[in-house]
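Note: the block below is structure-v8.csv and it holds CSV, C-alpha atoms.
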```
chain,number,residue,atom,x,y,z
E,1,MET,CA,0.0,0.0,0.0
E,2,PRO,CA,1.4,3.5,-0.9
E,3,LEU,CA,2.8,5.4,2.1
E,4,PHE,CA,0.5,8.4,1.5
E,5,LEU,CA,-2.6,6.1,1.8
E,6,ILE,CA,-1.3,4.7,5.1
E,7,ILE,CA,-0.8,8.2,6.4
E,8,LEU,CA,-4.3,9.2,5.2
E,9,MET,CA,-5.9,6.2,7.0
E,10,LEU,CA,-4.1,7.1,10.2
E,11,ILE,CA,-5.2,10.7,10.1
E,12,THR,CA,-8.8,9.7,9.3
E,13,HIS,CA,-8.9,7.2,12.2
E,14,SER,CA,-7.3,9.5,14.8
E,15,SER,CA,-9.0,12.8,14.1
E,16,SER,CA,-12.7,12.2,13.1
E,17,ALA,CA,-14.2,15.0,15.2
E,18,TRP,CA,-15.7,17.8,13.1
E,19,ARG,CA,-17.0,21.3,14.0
E,20,VAL,CA,-20.1,22.9,12.7
E,21,ALA,CA,-21.3,26.5,12.6
E,22,ILE,CA,-25.0,27.0,12.2
E,23,LEU,CA,-26.0,30.4,10.6
E,24,THR,CA,-29.6,31.5,11.1
E,25,GLY,CA,-31.5,34.0,9.1
E,26,SER,CA,-34.5,35.1,11.2
E,27,THR,CA,-34.5,38.6,12.6
E,28,ARG,CA,-38.2,38.9,13.1
E,29,THR,CA,-39.6,39.6,16.6
E,30,ALA,CA,-43.3,39.9,15.5
E,31,GLY,CA,-45.5,38.3,12.9
E,32,PRO,CA,-46.9,37.6,10.5
E,33,PRO,CA,-46.3,34.7,10.5
E,34,ASN,CA,-47.5,33.9,14.0
E,35,PRO,CA,-45.8,32.3,15.8
E,36,ILE,CA,-42.2,33.3,14.8
E,37,LEU,CA,-40.7,30.1,13.4
E,38,GLY,CA,-37.0,30.7,13.2
E,39,PRO,CA,-36.0,29.8,16.8
E,40,ARG,CA,-37.8,26.5,16.9
E,41,VAL,CA,-36.3,25.5,13.6
E,42,ALA,CA,-32.8,26.5,14.8
E,43,GLN,CA,-33.2,24.5,18.0
E,44,TYR,CA,-34.4,21.4,16.0
E,45,ILE,CA,-31.4,21.5,13.7
E,46,GLN,CA,-28.9,22.3,16.4
E,47,LYS,CA,-30.0,19.2,18.4
E,48,ALA,CA,-29.8,17.1,15.3
E,49,VAL,CA,-26.2,18.2,14.7
E,50,GLU,CA,-25.3,17.8,18.4
E,51,ASP,CA,-26.6,14.2,18.4
E,52,ARG,CA,-24.0,13.2,15.9
E,53,PRO,CA,-21.4,11.2,17.8
E,54,ASP,CA,-18.3,12.8,16.1
E,55,CYS,CA,-19.4,16.4,16.3
E,56,ASP,CA,-17.0,18.4,18.5
E,57,LEU,CA,-18.2,22.0,18.3
E,58,VAL,CA,-21.6,23.4,17.4
E,59,VAL,CA,-22.1,27.2,17.5
E,60,THR,CA,-25.4,28.8,16.4
E,61,ILE,CA,-24.8,32.3,15.0
E,62,PRO,CA,-27.7,34.7,14.7
E,63,PRO,CA,-27.7,37.4,12.0
E,64,LEU,CA,-25.4,40.4,12.5
E,65,GLY,CA,-27.3,43.4,13.9
E,66,LYS,CA,-25.5,45.9,11.7
E,67,LEU,CA,-25.9,46.1,7.9
E,68,LEU,CA,-22.9,45.6,5.8
E,69,GLU,CA,-20.8,48.9,5.5
E,70,LYS,CA,-17.4,47.4,5.5
E,71,PRO,CA,-16.6,43.7,5.2
E,72,HIS,CA,-14.1,41.9,7.5
E,73,PHE,CA,-11.4,41.6,4.9
E,74,ALA,CA,-11.5,45.4,4.2
E,75,TYR,CA,-10.1,46.3,7.6
E,76,ALA,CA,-6.5,46.6,8.4
E,77,PRO,CA,-5.0,44.1,10.9
E,78,GLY,CA,-5.8,45.2,14.4
E,79,GLN,CA,-8.7,47.5,13.4
E,80,VAL,CA,-11.5,44.9,13.0
E,81,PRO,CA,-14.5,45.7,15.2
E,82,GLN,CA,-14.7,43.2,18.1
E,83,GLU,CA,-18.1,41.8,17.1
E,84,LEU,CA,-16.8,41.1,13.6
E,85,LYS,CA,-13.6,39.6,14.9
E,86,ASP,CA,-15.4,37.2,17.2
E,87,LEU,CA,-17.7,36.1,14.4
E,88,HIS,CA,-14.7,35.6,12.1
E,89,ASP,CA,-13.0,33.4,14.7
E,90,GLN,CA,-16.2,31.3,15.1
E,91,LEU,CA,-16.6,30.8,11.4
E,92,ILE,CA,-13.0,30.0,10.6
E,93,GLN,CA,-12.9,27.3,13.3
E,94,ALA,CA,-15.8,25.4,11.7
E,95,ASP,CA,-15.3,22.5,9.3
E,96,ALA,CA,-18.8,22.8,7.9
E,97,TYR,CA,-21.7,25.2,7.8
E,98,VAL,CA,-25.5,24.8,8.1
E,99,THR,CA,-27.5,27.7,6.9
E,100,ILE,CA,-31.1,28.2,8.0
E,101,THR,CA,-33.3,30.6,6.2
E,102,PRO,CA,-37.0,31.5,5.8
E,103,GLU,CA,-38.2,32.5,2.4
E,104,PHE,CA,-38.8,36.2,1.8
E,105,ASN,CA,-40.2,37.1,-1.6
E,106,HIS,CA,-38.9,33.8,-3.1
E,107,GLY,CA,-35.4,34.5,-1.8
E,108,PRO,CA,-33.2,33.9,1.3
E,109,SER,CA,-33.4,36.0,4.4
E,110,PRO,CA,-31.6,39.4,4.2
E,111,GLY,CA,-30.3,38.8,7.7
E,112,LEU,CA,-28.5,35.6,6.6
E,113,LEU,CA,-27.1,37.2,3.4
E,114,ASN,CA,-25.8,40.2,5.4
E,115,THR,CA,-23.8,37.9,7.7
E,116,LEU,CA,-22.4,35.9,4.7
E,117,ASN,CA,-21.5,39.0,2.8
E,118,HIS,CA,-19.2,40.3,5.6
E,119,PHE,CA,-16.7,37.5,4.8
E,120,GLY,CA,-15.0,36.0,1.8
E,121,SER,CA,-13.8,32.7,0.6
E,122,SER,CA,-10.7,32.8,2.8
E,123,VAL,CA,-13.1,32.0,5.7
E,124,PHE,CA,-15.6,29.6,4.0
E,125,GLY,CA,-13.5,28.1,1.3
E,126,PHE,CA,-12.9,24.4,0.8
E,127,LYS,CA,-15.5,23.4,3.3
E,128,PRO,CA,-19.0,22.0,2.7
E,129,SER,CA,-22.4,23.6,3.7
E,130,ALA,CA,-26.0,22.4,4.0
E,131,ILE,CA,-29.2,24.4,3.4
E,132,VAL,CA,-32.3,24.3,5.7
E,133,THR,CA,-35.4,26.3,4.7
E,134,TYR,CA,-38.8,26.7,6.3
E,135,SER,CA,-42.0,28.6,5.9
E,136,PRO,CA,-45.6,28.6,7.3
E,137,SER,CA,-46.8,27.6,3.8
E,138,GLN,CA,-46.8,24.3,1.9
E,139,TRP,CA,-43.6,25.1,-0.1
E,140,GLY,CA,-41.2,25.0,2.9
E,141,GLY,CA,-39.0,27.8,1.6
E,142,VAL,CA,-37.7,25.7,-1.2
E,143,ARG,CA,-37.2,28.7,-3.5
E,144,ALA,CA,-35.0,30.4,-1.0
E,145,GLY,CA,-32.9,27.2,-0.8
E,146,TYR,CA,-32.2,27.2,-4.5
E,147,ALA,CA,-31.4,30.9,-4.5
E,148,LEU,CA,-28.9,30.3,-1.7
E,149,ARG,CA,-27.0,27.6,-3.5
E,150,PRO,CA,-25.0,29.8,-5.9
E,151,ILE,CA,-24.1,32.2,-3.1
E,152,LEU,CA,-22.6,29.5,-0.9
E,153,SER,CA,-20.8,28.1,-3.9
E,154,GLU,CA,-19.3,31.5,-4.7
E,155,LEU,CA,-18.0,31.7,-1.1
E,156,GLY,CA,-16.3,28.3,-1.6
E,157,CYS,CA,-18.5,26.3,0.9
E,158,LEU,CA,-20.2,24.1,-1.7
E,159,PRO,CA,-23.7,23.0,-0.6
E,160,VAL,CA,-24.3,19.2,-0.4
E,161,SER,CA,-27.0,18.0,-2.8
E,162,ALA,CA,-29.6,17.1,-0.1
E,163,MET,CA,-31.5,20.0,1.5
E,164,VAL,CA,-34.0,20.2,4.4
E,165,HIS,CA,-37.3,21.9,3.7
E,166,LEU,CA,-39.9,22.4,6.4
E,167,PRO,CA,-43.4,23.3,5.1
E,168,LYS,CA,-45.9,24.5,7.7
E,169,ALA,CA,-43.1,24.5,10.2
E,170,HIS,CA,-45.5,25.6,13.0
E,171,GLU,CA,-47.3,22.3,12.6
E,172,ILE,CA,-44.2,20.2,12.4
E,173,LEU,CA,-42.2,21.6,15.3
E,174,ASP,CA,-43.2,22.7,18.8
E,175,GLU,CA,-41.9,25.9,20.4
E,176,ASP,CA,-39.0,24.1,22.0
E,177,GLY,CA,-37.8,22.7,18.7
E,178,SER,CA,-39.1,19.1,19.2
E,179,VAL,CA,-41.2,17.4,16.6
E,180,ALA,CA,-44.9,18.0,17.4
E,181,PRO,CA,-47.2,15.3,18.7
E,182,GLY,CA,-49.0,13.6,15.8
E,183,GLU,CA,-46.0,14.1,13.4
E,184,ASP,CA,-43.8,11.1,12.6
E,185,SER,CA,-40.6,12.1,14.5
E,186,GLU,CA,-38.7,9.1,13.2
E,187,GLN,CA,-39.3,10.1,9.6
E,188,TRP,CA,-38.5,13.7,10.1
E,189,ASN,CA,-35.3,12.9,11.9
E,190,LYS,CA,-34.3,10.4,9.1
E,191,TYR,CA,-35.0,13.1,6.6
E,192,VAL,CA,-32.7,15.6,8.3
E,193,ASP,CA,-30.1,12.9,8.9
E,194,ARG,CA,-29.7,12.4,5.2
E,195,THR,CA,-28.5,16.0,4.7
E,196,LEU,CA,-26.3,16.0,7.8
E,197,SER,CA,-24.7,12.7,6.8
E,198,GLN,CA,-23.7,14.2,3.4
E,199,LEU,CA,-22.4,17.2,5.2
E,200,GLU,CA,-20.4,15.1,7.7
E,201,TRP,CA,-18.8,13.0,4.9
E,202,TRP,CA,-17.6,16.0,3.0
E,203,ALA,CA,-16.5,17.8,6.1
E,204,LYS,CA,-14.3,15.0,7.2
E,205,ALA,CA,-12.9,14.4,3.7
E,206,ALA,CA,-11.9,18.1,3.5
E,207,MET,CA,-10.5,18.1,7.0
E,208,ASN,CA,-8.3,15.2,6.3
E,209,HIS,CA,-7.1,16.4,2.9
E,210,ARG,CA,-6.2,19.8,4.3
E,211,LYS,CA,-3.7,18.1,6.6
E,212,ILE,CA,-1.9,16.7,3.5
E,213,GLU,CA,-2.3,19.7,1.1
E,214,ASP,CA,-2.9,23.4,1.6
E,215,PRO,CA,-6.0,24.1,-0.6
E,216,TYR,CA,-4.9,27.7,-1.0
E,217,ALA,CA,-1.5,26.9,-2.4
E,218,LYS,CA,-2.7,26.6,-6.0
E,219,SER,CA,-5.9,28.5,-5.6
E,220,PRO,CA,-5.2,31.5,-3.3
E,221,ALA,CA,-8.1,33.6,-1.9
E,222,PHE,CA,-8.5,37.0,-3.4
E,223,GLN,CA,-7.0,39.6,-1.1
E,224,ARG,CA,-7.2,43.0,-2.8
E,225,THR,CA,-9.8,43.8,-5.5
E,226,PRO,CA,-12.6,42.0,-7.4
E,227,SER,CA,-10.5,42.3,-10.5
E,228,GLU,CA,-8.3,39.5,-9.2
E,229,ARG,CA,-10.8,37.1,-10.6
E,230,ASN,CA,-10.8,38.5,-14.1
E,231,ALA,CA,-9.6,36.5,-17.1
E,232,PRO,CA,-6.3,37.6,-18.7
E,233,LYS,CA,-6.6,40.5,-21.1
E,234,THR,CA,-6.3,39.6,-24.7
E,235,PRO,CA,-3.3,41.5,-26.2
E,236,LYS,CA,-4.3,44.0,-28.8
E,237,THR,CA,-3.2,43.2,-32.3
E,238,PRO,CA,-0.9,46.0,-33.5
E,239,LYS,CA,-2.1,47.8,-36.5
E,240,ALA,CA,-0.4,47.1,-39.8
```
Go ahead and render the structure in this file as structure tokens.
Amino acid sequence: MPLFLIILMLITHSSSAWRVAILTGSTRTAGPPNPILGPRVAQYIQKAVEDRPDCDLVVTIPPLGKLLEKPHFAYAPGQVPQELKDLHDQLIQADAYVTITPEFNHGPSPGLLNTLNHFGSSVFGFKPSAIVTYSPSQWGGVRAGYALRPILSELGCLPVSAMVHLPKAHEILDEDGSVAPGEDSEQWNKYVDRTLSQLEWWAKAAMNHRKIEDPYAKSPAFQRTPSERNAPKTPKTPKA
């Protein structure tokens, strides 16, 4: 067996714990809808993540209170506001992300997008993400989920294929985040587990490969201006 495969197996066996950051999108304190659904959905998903045996750290991050004026990467070292620095430290420690969003006008929550837009791919890159959506209607926020996929992809935390959609979330979940009486809790938990299992698989794969190869060595994060992503300019043909 090649030496690098032996090393990979040893690393995989000895360090299987993974860390998850859950980013929520609800900022509402009053309805409609009534009741407010975000907290119960967040509690349900957090418990589902915490129940996974290899999960080492789970932090649930509410939306930032301040709208984006200056992103984290635009500050000089030592001048980052404390709230933004603390959030950066929580996000960069995570091996995977779970985003939870209601559906507003067929799109994701502005609160969630505001949090994501404060940071770049140097924080989220080369890690997986999962999408959870909910609504009081029959659609479960599915359109918000599909709108969120390209945003997470651009940040470098590619979303797994399975998503969690909770239609009529006020009927599925009680206020404390438990599955409501009359609902099939085993089936709902199995449904959520499918997404989290995909997330865990990719998180551990990325964790272990980062110990072998720096993902930014050949694909560095942009540091200065958006023009860094531009294709090379075509030389102008000199006139005859």
### Task
Could you give me, as JSON, numbers by chain, the residues within 9 Å of Ala162 (chain E), counting all atoms listed in the file and dropping anything in the same chain fewer than 3 positions from it?
{"E": [130, 131, 159, 194, 195, 196, 198, 199]}
#### Entry: Two-atom distance - CA of Pro81 (chain E), CA of Ser122 (chain E) (Å)
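Between CA of Pro81 (chain E) and CA of Ser122 (chain E) the gap works out to 18.3 Å.
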Quick one: residues within 10 Å of His118 (chain E), all atoms listed in the file, excluding same-chain residues fewer than 4 positions away - as a CSV table (one decimal) with C-alpha atoms, in the coordinates of the input?
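Heads up, here's the output in result.csv:
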```
chain,number,residue,atom,x,y,z
E,64,LEU,CA,-25.4,40.4,12.5
E,67,LEU,CA,-25.9,46.1,7.9
E,68,LEU,CA,-22.9,45.6,5.8
E,69,GLU,CA,-20.8,48.9,5.5
E,70,LYS,CA,-17.4,47.4,5.5
E,71,PRO,CA,-16.6,43.7,5.2
E,72,HIS,CA,-14.1,41.9,7.5
E,73,PHE,CA,-11.4,41.6,4.9
E,74,ALA,CA,-11.5,45.4,4.2
E,84,LEU,CA,-16.8,41.1,13.6
E,87,LEU,CA,-17.7,36.1,14.4
E,88,HIS,CA,-14.7,35.6,12.1
E,113,LEU,CA,-27.1,37.2,3.4
E,114,ASN,CA,-25.8,40.2,5.4
```
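The gap separating CA of Asp176 (chain E) from CA of Tyr44 (chain E) is 8.0 Å, in Å to one decimal.
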### Query
Using all atoms listed in the file, which of E:Ser121, E:Gln187, E:Ser137, E:Thr24 sits nearest Ala42 (chain E)?
E:Thr24
